[in-house]
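J.: Next comes the structure file query.json, holding JSON, C-alpha atoms (C1' of nucleotides).
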[["chain", "number", "residue", "atom", "x", "y", "z"],
["W", 1, "MET", "CA", 157.32, 41.73, 271.32],
["W", 2, "ASN", "CA", 154.47, 42.04, 268.84],
["W", 3, "ILE", "CA", 151.43, 44.27, 269.00],
["W", 4, "SER", "CA", 149.05, 41.96, 270.82],
["W", 5, "GLN", "CA", 151.50, 41.51, 273.69],
["W", 6, "ALA", "CA", 152.13, 45.25, 273.92],
["W", 7, "ALA", "CA", 148.40, 45.86, 273.84],
["W", 8, "LYS", "CA", 147.76, 43.36, 276.59],
["W", 9, "ILE", "CA", 150.44, 44.75, 278.89],
["W", 10, "SER", "CA", 149.45, 48.37, 278.39],
["W", 11, "GLY", "CA", 145.74, 47.68, 278.56],
["W", 12, "LEU", "CA", 145.11, 49.45, 275.26],
["W", 13, "PRO", "CA", 143.40, 47.75, 272.27],
["W", 14, "ALA", "CA", 145.81, 46.88, 269.46],
["W", 15, "GLN", "CA", 143.86, 49.17, 267.12],
["W", 16, "THR", "CA", 144.47, 52.04, 269.50],
["W", 17, "VAL", "CA", 148.17, 51.28, 269.63],
["W", 18, "ARG", "CA", 148.29, 51.46, 265.81],
["W", 19, "TYR", "CA", 146.44, 54.74, 265.99],
["W", 20, "TYR", "CA", 148.93, 56.08, 268.52],
["W", 21, "GLU", "CA", 151.75, 55.13, 266.18],
["W", 22, "SER", "CA", 149.99, 56.91, 263.30],
["W", 23, "ILE", "CA", 149.98, 60.17, 265.28],
["W", 24, "GLY", "CA", 153.54, 59.74, 266.49],
["W", 25, "LEU", "CA", 152.97, 58.86, 270.13],
["W", 26, "VAL", "CA", 155.00, 55.67, 269.82],
["W", 27, "SER", "CA", 157.42, 54.42, 267.15],
["W", 28, "PRO", "CA", 158.02, 50.69, 267.37],
["W", 29, "ALA", "CA", 160.69, 49.09, 265.18],
["W", 30, "ARG", "CA", 159.67, 46.77, 262.34],
["W", 31, "MET", "CA", 160.76, 43.23, 261.77],
["W", 32, "ALA", "CA", 162.50, 43.06, 258.43],
["W", 33, "HIS", "CA", 161.10, 39.80, 257.08],
["W", 34, "ASN", "CA", 157.41, 40.36, 257.67],
["W", 35, "GLY", "CA", 156.82, 44.02, 258.52],
["W", 36, "TYR", "CA", 155.33, 43.23, 261.93],
["W", 37, "ARG", "CA", 155.78, 45.90, 264.61],
["W", 38, "SER", "CA", 158.32, 45.05, 267.28],
["W", 39, "PHE", "CA", 157.84, 46.77, 270.65],
["W", 40, "SER", "CA", 160.79, 47.32, 272.98],
["W", 41, "LYS", "CA", 160.40, 47.67, 276.73],
["W", 42, "SER", "CA", 160.56, 51.44, 276.45],
["W", 43, "ASP", "CA", 157.85, 51.43, 273.76],
["W", 44, "VAL", "CA", 155.66, 49.49, 276.16],
["W", 45, "ASP", "CA", 156.54, 51.92, 278.96],
["W", 46, "ARG", "CA", 155.31, 54.76, 276.79],
["W", 47, "LEU", "CA", 152.07, 52.92, 276.08],
["W", 48, "CYS", "CA", 151.52, 52.28, 279.78],
["W", 49, "PHE", "CA", 152.18, 55.94, 280.52],
["W", 50, "LEU", "CA", 149.68, 56.94, 277.85],
["W", 51, "LYS", "CA", 147.08, 54.54, 279.18],
["W", 52, "GLN", "CA", 147.49, 55.94, 282.65],
["W", 53, "ALA", "CA", 147.30, 59.55, 281.47],
["W", 54, "LYS", "CA", 144.15, 58.69, 279.55],
["W", 55, "THR", "CA", 142.55, 57.08, 282.59],
["W", 56, "THR", "CA", 143.43, 60.17, 284.56],
["W", 57, "GLY", "CA", 141.52, 62.27, 282.04],
["W", 58, "PHE", "CA", 144.23, 63.80, 279.87],
["W", 59, "SER", "CA", 143.61, 64.28, 276.17],
["W", 60, "LEU", "CA", 146.11, 62.84, 273.70],
["W", 61, "GLU", "CA", 147.69, 66.24, 273.12],
["W", 62, "GLU", "CA", 148.05, 66.76, 276.84],
["W", 63, "SER", "CA", 149.45, 63.25, 277.12],
["W", 64, "ARG", "CA", 151.94, 64.08, 274.41],
["W", 65, "ASP", "CA", 153.16, 67.00, 276.50],
["W", 66, "LEU", "CA", 153.34, 64.86, 279.63],
["W", 67, "LEU", "CA", 155.27, 62.22, 277.73],
["W", 68, "ALA", "CA", 157.80, 64.81, 276.59],
["W", 69, "LEU", "CA", 158.22, 65.84, 280.21],
["W", 70, "TYR", "CA", 158.48, 62.19, 281.26],
["W", 71, "GLU", "CA", 161.40, 61.79, 278.93],
["W", 72, "ASN", "CA", 163.02, 65.12, 279.60],
["W", 73, "ALA", "CA", 165.62, 64.90, 282.35],
["W", 74, "ASP", "CA", 165.75, 68.72, 282.54],
["W", 75, "ARG", "CA", 162.08, 69.15, 283.39],
["W", 76, "ARG", "CA", 160.91, 71.16, 286.38],
["W", 77, "SER", "CA", 158.23, 69.63, 288.53],
["W", 78, "GLN", "CA", 156.73, 73.14, 288.67],
["W", 79, "HIS", "CA", 155.85, 72.85, 285.02],
["W", 80, "VAL", "CA", 154.27, 69.41, 285.37],
["W", 81, "LYS", "CA", 152.31, 70.47, 288.40],
["W", 82, "GLN", "CA", 150.90, 73.46, 286.55],
["W", 83, "LEU", "CA", 149.58, 71.18, 283.80],
["W", 84, "VAL", "CA", 147.85, 69.07, 286.39],
["W", 85, "LEU", "CA", 146.36, 72.04, 288.22],
["W", 86, "ASP", "CA", 145.02, 73.48, 284.98],
["W", 87, "LYS", "CA", 143.49, 70.14, 284.13],
["W", 88, "LEU", "CA", 141.98, 69.95, 287.57],
["W", 89, "SER", "CA", 140.25, 73.27, 287.20],
["W", 90, "ARG", "CA", 138.82, 72.35, 283.79],
["W", 91, "LEU", "CA", 137.63, 69.10, 285.28],
["W", 92, "ASP", "CA", 135.94, 70.89, 288.16],
["W", 93, "GLN", "CA", 134.13, 73.08, 285.71],
["W", 94, "GLN", "CA", 132.99, 70.06, 283.72],
["W", 95, "ILE", "CA", 131.77, 68.34, 286.87],
["W", 96, "GLU", "CA", 129.78, 71.42, 287.81],
["W", 97, "GLU", "CA", 128.09, 71.45, 284.42],
["W", 98, "LEU", "CA", 127.12, 67.82, 284.78],
["W", 99, "MET", "CA", 125.82, 68.40, 288.28],
["W", 100, "ALA", "CA", 123.67, 71.23, 286.98],
["W", 101, "MET", "CA", 122.27, 68.91, 284.32],
["W", 102, "ARG", "CA", 121.70, 66.29, 286.95],
["W", 103, "GLN", "CA", 119.73, 68.74, 289.04],
["W", 104, "THR", "CA", 117.59, 69.77, 286.09],
["W", 105, "LEU", "CA", 116.91, 66.18, 285.05],
["W", 106, "SER", "CA", 116.08, 65.17, 288.55],
["W", 107, "GLU", "CA", 113.57, 68.01, 288.93],
["W", 108, "LEU", "CA", 112.03, 67.16, 285.59],
["W", 109, "ALA", "CA", 111.57, 63.52, 286.56],
["W", 110, "GLU", "CA", 110.10, 64.37, 289.93],
["W", 111, "GLY", "CA", 107.42, 66.59, 288.44],
["W", 112, "CYS", "CA", 106.27, 63.96, 285.95],
["W", 113, "GLN", "CA", 103.45, 61.57, 286.78],
["W", 114, "GLY", "CA", 104.82, 58.83, 284.55],
["W", 115, "ASP", "CA", 101.44, 57.44, 283.63],
["W", 116, "GLU", "CA", 99.35, 56.62, 280.53],
["W", 117, "GLN", "CA", 98.34, 60.23, 279.98],
["W", 118, "PRO", "CA", 99.94, 62.57, 277.42],
["W", 119, "ASN", "CA", 100.22, 65.49, 279.82],
["W", 120, "CYS", "CA", 103.87, 65.61, 280.79],
["W", 121, "HIS", "CA", 105.75, 68.00, 283.04],
["W", 122, "ILE", "CA", 109.04, 67.16, 281.33],
["W", 123, "ILE", "CA", 107.83, 68.06, 277.86],
["W", 124, "ASN", "CA", 106.18, 71.20, 279.20],
["W", 125, "GLN", "CA", 109.33, 72.35, 280.90],
["W", 126, "LEU", "CA", 111.58, 71.67, 277.92],
["W", 127, "ALA", "CA", 109.17, 73.65, 275.78],
["W", 128, "GLU", "CA", 108.73, 76.55, 278.18],
["W", 129, "GLN", "CA", 112.24, 77.26, 279.35],
["W", 130, "GLY", "CA", 114.88, 78.96, 277.23],
["W", 131, "GLY", "CA", 113.71, 81.18, 274.40],
["W", 132, "ALA", "CA", 110.02, 80.67, 275.12],
["W", 133, "GLY", "CA", 107.54, 83.47, 274.96],
["W", 134, "HIS", "CA", 108.94, 85.11, 271.83],
["W", 135, "GLU", "CA", 106.25, 86.65, 269.68],
["Y", 1, "MET", "CA", 111.98, 85.49, 260.20],
["Y", 2, "ASN", "CA", 115.47, 84.82, 258.90],
["Y", 3, "ILE", "CA", 118.17, 82.66, 260.40],
["Y", 4, "SER", "CA", 119.92, 85.25, 262.52],
["Y", 5, "GLN", "CA", 116.68, 86.14, 264.32],
["Y", 6, "ALA", "CA", 115.85, 82.48, 264.89],
["Y", 7, "ALA", "CA", 119.37, 81.90, 266.15],
["Y", 8, "LYS", "CA", 119.19, 84.80, 268.53],
["Y", 9, "ILE", "CA", 115.85, 83.78, 270.00],
["Y", 10, "SER", "CA", 116.79, 80.13, 270.42],
["Y", 11, "GLY", "CA", 120.26, 80.86, 271.68],
["Y", 12, "LEU", "CA", 121.86, 78.59, 269.09],
["Y", 13, "PRO", "CA", 124.52, 79.81, 266.62],
["Y", 14, "ALA", "CA", 123.19, 80.23, 263.07],
["Y", 15, "GLN", "CA", 125.66, 77.62, 261.87],
["Y", 16, "THR", "CA", 124.24, 75.14, 264.31],
["Y", 17, "VAL", "CA", 120.72, 75.89, 263.12],
["Y", 18, "ARG", "CA", 121.83, 75.11, 259.56],
["Y", 19, "TYR", "CA", 123.39, 71.92, 260.80],
["Y", 20, "TYR", "CA", 120.15, 70.97, 262.55],
["Y", 21, "GLU", "CA", 118.30, 71.51, 259.31],
["Y", 22, "SER", "CA", 120.80, 69.32, 257.47],
["Y", 23, "ILE", "CA", 120.02, 66.42, 259.80],
["Y", 24, "GLY", "CA", 116.29, 67.00, 259.69],
["Y", 25, "LEU", "CA", 115.67, 68.45, 263.14],
["Y", 26, "VAL", "CA", 114.01, 71.53, 261.70],
["Y", 27, "SER", "CA", 112.68, 72.34, 258.22],
["Y", 28, "PRO", "CA", 112.19, 76.04, 257.66],
["Y", 29, "ALA", "CA", 110.47, 77.26, 254.50],
["Y", 30, "ARG", "CA", 112.48, 79.08, 251.84],
["Y", 31, "MET", "CA", 111.84, 82.48, 250.41],
["Y", 32, "ALA", "CA", 111.34, 82.12, 246.68],
["Y", 33, "HIS", "CA", 113.26, 85.12, 245.42],
["Y", 34, "ASN", "CA", 116.54, 84.69, 247.30],
["Y", 35, "GLY", "CA", 116.59, 81.22, 248.83],
["Y", 36, "TYR", "CA", 116.89, 82.54, 252.38],
["Y", 37, "ARG", "CA", 115.44, 80.35, 255.13],
["Y", 38, "SER", "CA", 112.20, 81.59, 256.63],
["Y", 39, "PHE", "CA", 111.47, 80.44, 260.18],
["Y", 40, "SER", "CA", 107.91, 80.23, 261.46],
["Y", 41, "LYS", "CA", 107.00, 80.50, 265.13],
["Y", 42, "SER", "CA", 106.78, 76.73, 265.39],
["Y", 43, "ASP", "CA", 110.21, 76.33, 263.78],
["Y", 44, "VAL", "CA", 111.59, 78.63, 266.44],
["Y", 45, "ASP", "CA", 109.73, 76.67, 269.13],
["Y", 46, "ARG", "CA", 111.48, 73.54, 267.95],
["Y", 47, "LEU", "CA", 114.85, 75.26, 268.08],
["Y", 48, "CYS", "CA", 114.19, 76.47, 271.62],
["Y", 49, "PHE", "CA", 113.14, 72.99, 272.64],
["Y", 50, "LEU", "CA", 116.34, 71.59, 271.12],
["Y", 51, "LYS", "CA", 118.46, 74.19, 272.85],
["Y", 52, "GLN", "CA", 116.88, 73.37, 276.16],
["Y", 53, "ALA", "CA", 117.27, 69.61, 275.67],
["Y", 54, "LYS", "CA", 120.91, 70.19, 274.79],
["Y", 55, "THR", "CA", 121.51, 72.27, 277.90],
["Y", 56, "THR", "CA", 119.88, 69.53, 279.92],
["Y", 57, "GLY", "CA", 122.42, 67.09, 278.51],
["Y", 58, "PHE", "CA", 120.50, 65.19, 275.84],
["Y", 59, "SER", "CA", 122.28, 64.14, 272.66],
["Y", 60, "LEU", "CA", 120.79, 65.15, 269.32],
["Y", 61, "GLU", "CA", 119.34, 61.68, 268.79],
["Y", 62, "GLU", "CA", 117.77, 61.76, 272.23],
["Y", 63, "SER", "CA", 116.52, 65.25, 271.46],
["Y", 64, "ARG", "CA", 115.01, 63.98, 268.25],
["Y", 65, "ASP", "CA", 113.03, 61.41, 270.25],
["Y", 66, "LEU", "CA", 111.94, 64.02, 272.78],
["Y", 67, "LEU", "CA", 110.87, 66.31, 269.97],
["Y", 68, "ALA", "CA", 108.74, 63.54, 268.47],
["Y", 69, "LEU", "CA", 107.12, 63.09, 271.86],
["Y", 70, "TYR", "CA", 106.69, 66.86, 272.19],
["Y", 71, "GLU", "CA", 104.71, 66.86, 268.99],
["Y", 72, "ASN", "CA", 102.81, 63.64, 269.60],
["Y", 73, "ALA", "CA", 99.50, 64.27, 271.28],
["Y", 74, "ASP", "CA", 99.14, 60.53, 272.00],
["Y", 75, "ARG", "CA", 102.31, 60.27, 274.06],
["Y", 76, "ARG", "CA", 102.35, 58.74, 277.53],
["Y", 77, "SER", "CA", 104.23, 60.63, 280.19],
["Y", 78, "GLN", "CA", 105.46, 57.20, 281.35],
["Y", 79, "HIS", "CA", 107.51, 56.94, 278.20],
["Y", 80, "VAL", "CA", 109.01, 60.40, 278.53],
["Y", 81, "LYS", "CA", 109.84, 59.85, 282.18],
["Y", 82, "GLN", "CA", 111.66, 56.64, 281.36],
["Y", 83, "LEU", "CA", 113.89, 58.48, 278.88],
["Y", 84, "VAL", "CA", 114.75, 61.00, 281.55],
["Y", 85, "LEU", "CA", 115.46, 58.38, 284.19],
["Y", 86, "ASP", "CA", 117.74, 56.46, 281.82],
["Y", 87, "LYS", "CA", 119.57, 59.65, 281.03],
["Y", 88, "LEU", "CA", 119.90, 60.40, 284.70],
["Y", 89, "SER", "CA", 121.56, 57.10, 285.43],
["Y", 90, "ARG", "CA", 124.03, 57.50, 282.57],
["Y", 91, "LEU", "CA", 124.78, 60.96, 283.83],
["Y", 92, "ASP", "CA", 125.40, 59.70, 287.35],
["Y", 93, "GLN", "CA", 127.86, 57.19, 285.97],
["Y", 94, "GLN", "CA", 129.65, 59.88, 284.01],
["Y", 95, "ILE", "CA", 129.86, 62.10, 287.08],
["Y", 96, "GLU", "CA", 131.37, 59.26, 289.07],
["Y", 97, "GLU", "CA", 134.06, 58.74, 286.44],
["Y", 98, "LEU", "CA", 134.95, 62.41, 286.50],
["Y", 99, "MET", "CA", 135.06, 62.42, 290.29],
["Y", 100, "ALA", "CA", 137.45, 59.49, 290.22],
["Y", 101, "MET", "CA", 139.68, 61.40, 287.81],
["Y", 102, "ARG", "CA", 139.43, 64.42, 290.03],
["Y", 103, "GLN", "CA", 140.55, 62.40, 293.01],
["Y", 104, "THR", "CA", 143.52, 60.99, 291.12],
["Y", 105, "LEU", "CA", 144.57, 64.39, 289.80],
["Y", 106, "SER", "CA", 144.24, 65.96, 293.17],
["Y", 107, "GLU", "CA", 146.43, 63.32, 294.78],
["Y", 108, "LEU", "CA", 149.00, 63.69, 292.03],
["Y", 109, "ALA", "CA", 149.18, 67.44, 292.51],
["Y", 110, "GLU", "CA", 149.44, 67.18, 296.27],
["Y", 111, "GLY", "CA", 152.43, 64.87, 296.11],
["Y", 112, "CYS", "CA", 154.38, 67.12, 293.74],
["Y", 113, "GLN", "CA", 156.78, 69.73, 295.08],
["Y", 114, "GLY", "CA", 156.27, 72.02, 292.11],
["Y", 115, "ASP", "CA", 159.78, 73.40, 292.17],
["Y", 116, "GLU", "CA", 162.79, 73.82, 289.85],
["Y", 117, "GLN", "CA", 163.87, 70.21, 290.21],
["Y", 118, "PRO", "CA", 163.18, 67.46, 287.67],
["Y", 119, "ASN", "CA", 162.08, 64.93, 290.24],
["Y", 120, "CYS", "CA", 158.30, 64.81, 289.98],
["Y", 121, "HIS", "CA", 155.76, 62.73, 291.84],
["Y", 122, "ILE", "CA", 153.22, 63.17, 289.04],
["Y", 123, "ILE", "CA", 155.49, 61.79, 286.34],
["Y", 124, "ASN", "CA", 156.58, 58.97, 288.61],
["Y", 125, "GLN", "CA", 153.02, 57.96, 289.35],
["Y", 126, "LEU", "CA", 151.89, 58.09, 285.75],
["Y", 127, "ALA", "CA", 154.86, 55.91, 284.84],
["Y", 128, "GLU", "CA", 154.47, 53.44, 287.68],
["Y", 129, "GLN", "CA", 150.78, 52.75, 287.76],
["Y", 130, "GLY", "CA", 148.99, 50.62, 285.19],
["Y", 131, "GLY", "CA", 151.03, 48.06, 283.29],
["Y", 132, "ALA", "CA", 154.28, 48.86, 285.06],
["Y", 133, "GLY", "CA", 156.67, 46.20, 286.18],
["Y", 134, "HIS", "CA", 156.35, 44.03, 283.08],
["Y", 135, "GLU", "CA", 159.57, 42.25, 282.18],
["H", 1, "DT", "C1'", 152.05, 18.71, 252.73],
["H", 2, "DC", "C1'", 147.84, 20.74, 253.51],
["H", 3, "DT", "C1'", 144.76, 23.16, 256.04],
["H", 4, "DT", "C1'", 142.84, 25.72, 259.74],
["H", 5, "DG", "C1'", 142.80, 29.32, 262.85],
["H", 6, "DA", "C1'", 144.97, 32.99, 264.94],
["H", 7, "DC", "C1'", 147.79, 36.49, 264.18],
["H", 8, "DC", "C1'", 149.62, 40.52, 261.42],
["H", 9, "DT", "C1'", 149.40, 44.36, 257.65],
["H", 10, "DT", "C1'", 147.14, 48.50, 255.18],
["H", 11, "DG", "C1'", 143.63, 51.73, 254.05],
["H", 12, "DC", "C1'", 139.29, 53.69, 254.25],
["H", 13, "DA", "C1'", 134.70, 54.81, 256.18],
["H", 14, "DG", "C1'", 132.04, 56.05, 260.16],
["H", 15, "DT", "C1'", 131.08, 58.20, 264.79],
["H", 16, "DA", "C1'", 129.11, 63.19, 267.50],
["H", 17, "DA", "C1'", 128.19, 67.64, 267.05],
["H", 18, "DC", "C1'", 129.64, 70.84, 265.51],
["H", 19, "DT", "C1'", 133.36, 74.77, 263.74],
["H", 20, "DT", "C1'", 135.99, 76.78, 260.22],
["H", 21, "DT", "C1'", 137.04, 78.15, 255.73],
["H", 22, "DA", "C1'", 136.25, 79.54, 251.15],
["H", 23, "DA", "C1'", 133.78, 81.55, 247.61],
["H", 24, "DG", "C1'", 130.17, 83.96, 246.39],
["H", 25, "DG", "C1'", 125.10, 86.16, 246.14],
["H", 26, "DT", "C1'", 121.73, 89.81, 248.57],
["H", 27, "DT", "C1'", 120.22, 93.60, 251.28],
["H", 28, "DT", "C1'", 120.58, 97.90, 253.54],
["H", 29, "DA", "C1'", 122.44, 102.17, 254.52],
["H", 30, "DT", "C1'", 125.14, 106.01, 253.28],
["Z", 1, "DA", "C1'", 128.35, 103.44, 244.11],
["Z", 2, "DT", "C1'", 130.03, 101.08, 247.60],
["Z", 3, "DA", "C1'", 130.70, 99.10, 251.95],
["Z", 4, "DA", "C1'", 128.91, 96.53, 255.77],
["Z", 5, "DA", "C1'", 126.21, 93.08, 257.15],
["Z", 6, "DC", "C1'", 123.54, 89.60, 255.95],
["Z", 7, "DC", "C1'", 122.55, 85.17, 253.35],
["Z", 8, "DT", "C1'", 123.86, 80.73, 250.55],
["Z", 9, "DT", "C1'", 126.57, 76.17, 249.65],
["Z", 10, "DA", "C1'", 130.14, 72.73, 249.93],
["Z", 11, "DA", "C1'", 133.98, 70.78, 251.92],
["Z", 12, "DA", "C1'", 137.44, 70.10, 255.38],
["Z", 13, "DG", "C1'", 138.85, 69.90, 260.26],
["Z", 14, "DT", "C1'", 138.08, 68.51, 265.10],
["Z", 15, "DT", "C1'", 138.81, 64.12, 268.97],
["Z", 16, "DA", "C1'", 139.90, 59.62, 269.76],
["Z", 17, "DC", "C1'", 138.99, 56.18, 268.27],
["Z", 18, "DT", "C1'", 136.11, 51.68, 266.11],
["Z", 19, "DG", "C1'", 134.92, 48.66, 262.43],
["Z", 20, "DC", "C1'", 135.52, 46.59, 258.15],
["Z", 21, "DA", "C1'", 137.58, 44.55, 254.03],
["Z", 22, "DA", "C1'", 141.18, 42.38, 251.66],
["Z", 23, "DG", "C1'", 145.06, 40.09, 252.14],
["Z", 24, "DG", "C1'", 149.85, 38.31, 254.01],
["Z", 25, "DT", "C1'", 152.06, 35.24, 257.87],
["Z", 26, "DC", "C1'", 152.65, 31.85, 261.34],
["Z", 27, "DA", "C1'", 152.13, 27.71, 264.31],
["Z", 28, "DA", "C1'", 149.95, 23.41, 265.09],
["Z", 29, "DG", "C1'", 147.78, 19.25, 263.87],
["Z", 30, "DA", "C1'", 146.41, 15.34, 260.47]]
Represent the structure of the file as C-alpha cells.
T.:
Amino acid sequence: MNISQAAKISGLPAQTVRYYESIGLVSPARMAHNGYRSFSKSDVDRLCFLKQAKTTGFSLEESRDLLALYENADRRSQHVKQLVLDKLSRLDQQIEELMAMRQTLSELAEGCQGDEQPNCHIINQLAEQGGAGHE
Amino acid sequence: MNISQAAKISGLPAQTVRYYESIGLVSPARMAHNGYRSFSKSDVDRLCFLKQAKTTGFSLEESRDLLALYENADRRSQHVKQLVLDKLSRLDQQIEELMAMRQTLSELAEGCQGDEQPNCHIINQLAEQGGAGHE
DNA sequence: TCTTGACCTTGCAGTAACTTTAAGGTTTAT
DNA sequence: ATAAACCTTAAAGTTACTGCAAGGTCAAGA
C-alpha cells in the first residue's frame, strides 16, 4: 500500500510518516519502477502503535523504546510498566504546573476591572511579583 | 549593572537574557570600553516582568504584547483582561488533554502485571487501539 | 493522444524557546 | 604573572513536526 493509505489507516499525516521514516521509526520497502514507498501490514501496525503512543503522551524517543519492547518477545512486563509509571509521574508534575498557572491566571483576571481605564490589576501584579523591589 | 546581576535579580539565566535581547525584548546599553551590556533599573524591570509572565504561562510573543501594554499609559484594562481570559481557556484545554493522557496511562499501568513475563497489557493496548484491525 | 488532477518524490526552511559548544577577550584577586 | 571568573559572538542542537518548491508518475476522460 502507498503512503496515503498508510497515513489514513494510522491516522498520521503522510508528511509525518515520511518524517518517521527519516528518523528510523519505520522502514517501508520501495517499489522498483517509481520509487514510491510500499507499506506492509507490519509497517502499518508500527505506525498505528506510534500514533497510539503519541496520543497517550509519549515522546518519539519513548515511543521508540516502547516499539522495541513491542517487537521483543523476551520483554518483561515489569520493564514496560516502569516506563509507564515514570511517564505518569512526569505527567502529574506537568499537570501540577499547569494548574498553578491556571490559579494565577484566574486570580489575575478576577482582580481586573476590565474597563476603559488604564489601571490594571493584571499588569500591576506581573510587574510587582518576582524580582520586584530591587534597588 | 552587568548581565550576571540582571540575571540573578530577574531569575532568568544570563543566556536567556541574551536571547531576549536578540529578539528585541530588552535593549540594554553597552559600555564603550569593553562592549559589556549595561542594564538599567528599567531594563531589569522588564526582565522581571518577562520572567513573571513566563511563569504564568505566557509565550514570548504574548509576553511581548503584555510588555507593550505594561508600558502603554493609554491601555484599557479590558484589553489586558481579554488576553488573560483567552490564555485561561487555552490552558484549560491543555489541562484537559493532559488529564485524558493521565487517565489512559493510569489504566494501562493498572492492567499490567509488571512481572518477569513478556505478556503485557500495556503493549497489547497500544497495539490494539487506534487503527488496529485493518486488513 | 493529450491533458488534467491527484498522487508521489526530494530537499530545504521555518517553528518555540531556549541550551550547548567553541573560541576568545576582560577583570579581579592573589 | 597567572588563574578564576566574568564577558563577548556565532553557530549548532533540541522536539516533532509543517510548509513549500520543483518536479516525476498515474489514472481517467475527451
J.: Give me, as a Markdown table, the closest atom pair and its distance (Å, one decimal) for every residue of chain W within a cut-off of 12 Å of chain H, counting only C-alpha atoms (C1' of nucleotides), rows sorted by chain and rising number.
T.:
| residue | atom | partner | partner_atom | distance |
| --- | --- | --- | --- | --- |
| W:Asn2 | CA | H:DC8 | C1' | 9.0 |
| W:Ile3 | CA | H:DC8 | C1' | 8.6 |
| W:Ser4 | CA | H:DC7 | C1' | 8.7 |
| W:Gln5 | CA | H:DC7 | C1' | 11.4 |
| W:Ala14 | CA | H:DC8 | C1' | 10.9 |
| W:Gln15 | CA | H:DC8 | C1' | 11.9 |
| W:Arg18 | CA | H:DT9 | C1' | 10.9 |
| W:Arg30 | CA | H:DT9 | C1' | 11.5 |
| W:Met31 | CA | H:DC8 | C1' | 11.5 |
| W:Asn34 | CA | H:DC8 | C1' | 8.6 |
| W:Gly35 | CA | H:DT9 | C1' | 7.5 |
| W:Tyr36 | CA | H:DC8 | C1' | 6.3 |
| W:Arg37 | CA | H:DC8 | C1' | 8.8 |
| W:Ser38 | CA | H:DC8 | C1' | 11.4 |
J.: Suppose you want the space between atom CA of W:Asp74 and atom CA of Y:Glu116; what is it in Å?
T.: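 Result for atom CA of W:Asp74 versus atom CA of Y:Glu116: 9.4 Å, one decimal.
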J.: Please identify every residue of chain Z that has at least one atom no more than 10 Å from any atom of chain W, counting all atoms listed in the file, and report them as a PyMOL selection string.
T.: chain Z and resi 15-18+24-25
J.: Distance cut-off 7 Å, counting all atoms listed in the file - which residues of chain Y neighbour chain W? Return them as an NGL selection string.
T.: :Y and (9-10 or 48-49 or 52-53 or 56-57 or 70 or 73-78 or 81 or 84-85 or 88 or 91 or 95 or 98 or 101-102 or 104-105 or 109 or 112-120 or 123 or 126-127 or 129-132)
J.: For a test of reading the model, state the distance in Å between atom CA of W:Leu12 and atom CA of W:Val26, rounded to one decimal.
T.: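 Interatomic distance, atom CA of W:Leu12 to atom CA of W:Val26: 12.9 Å.
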J.: So how many Å separate atom CA of W:Met1 and atom CA of W:Ser40, to one decimal?
T.: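 Answer for the atom CA of W:Met1 to atom CA of W:Ser40 separation: 6.8 Å.
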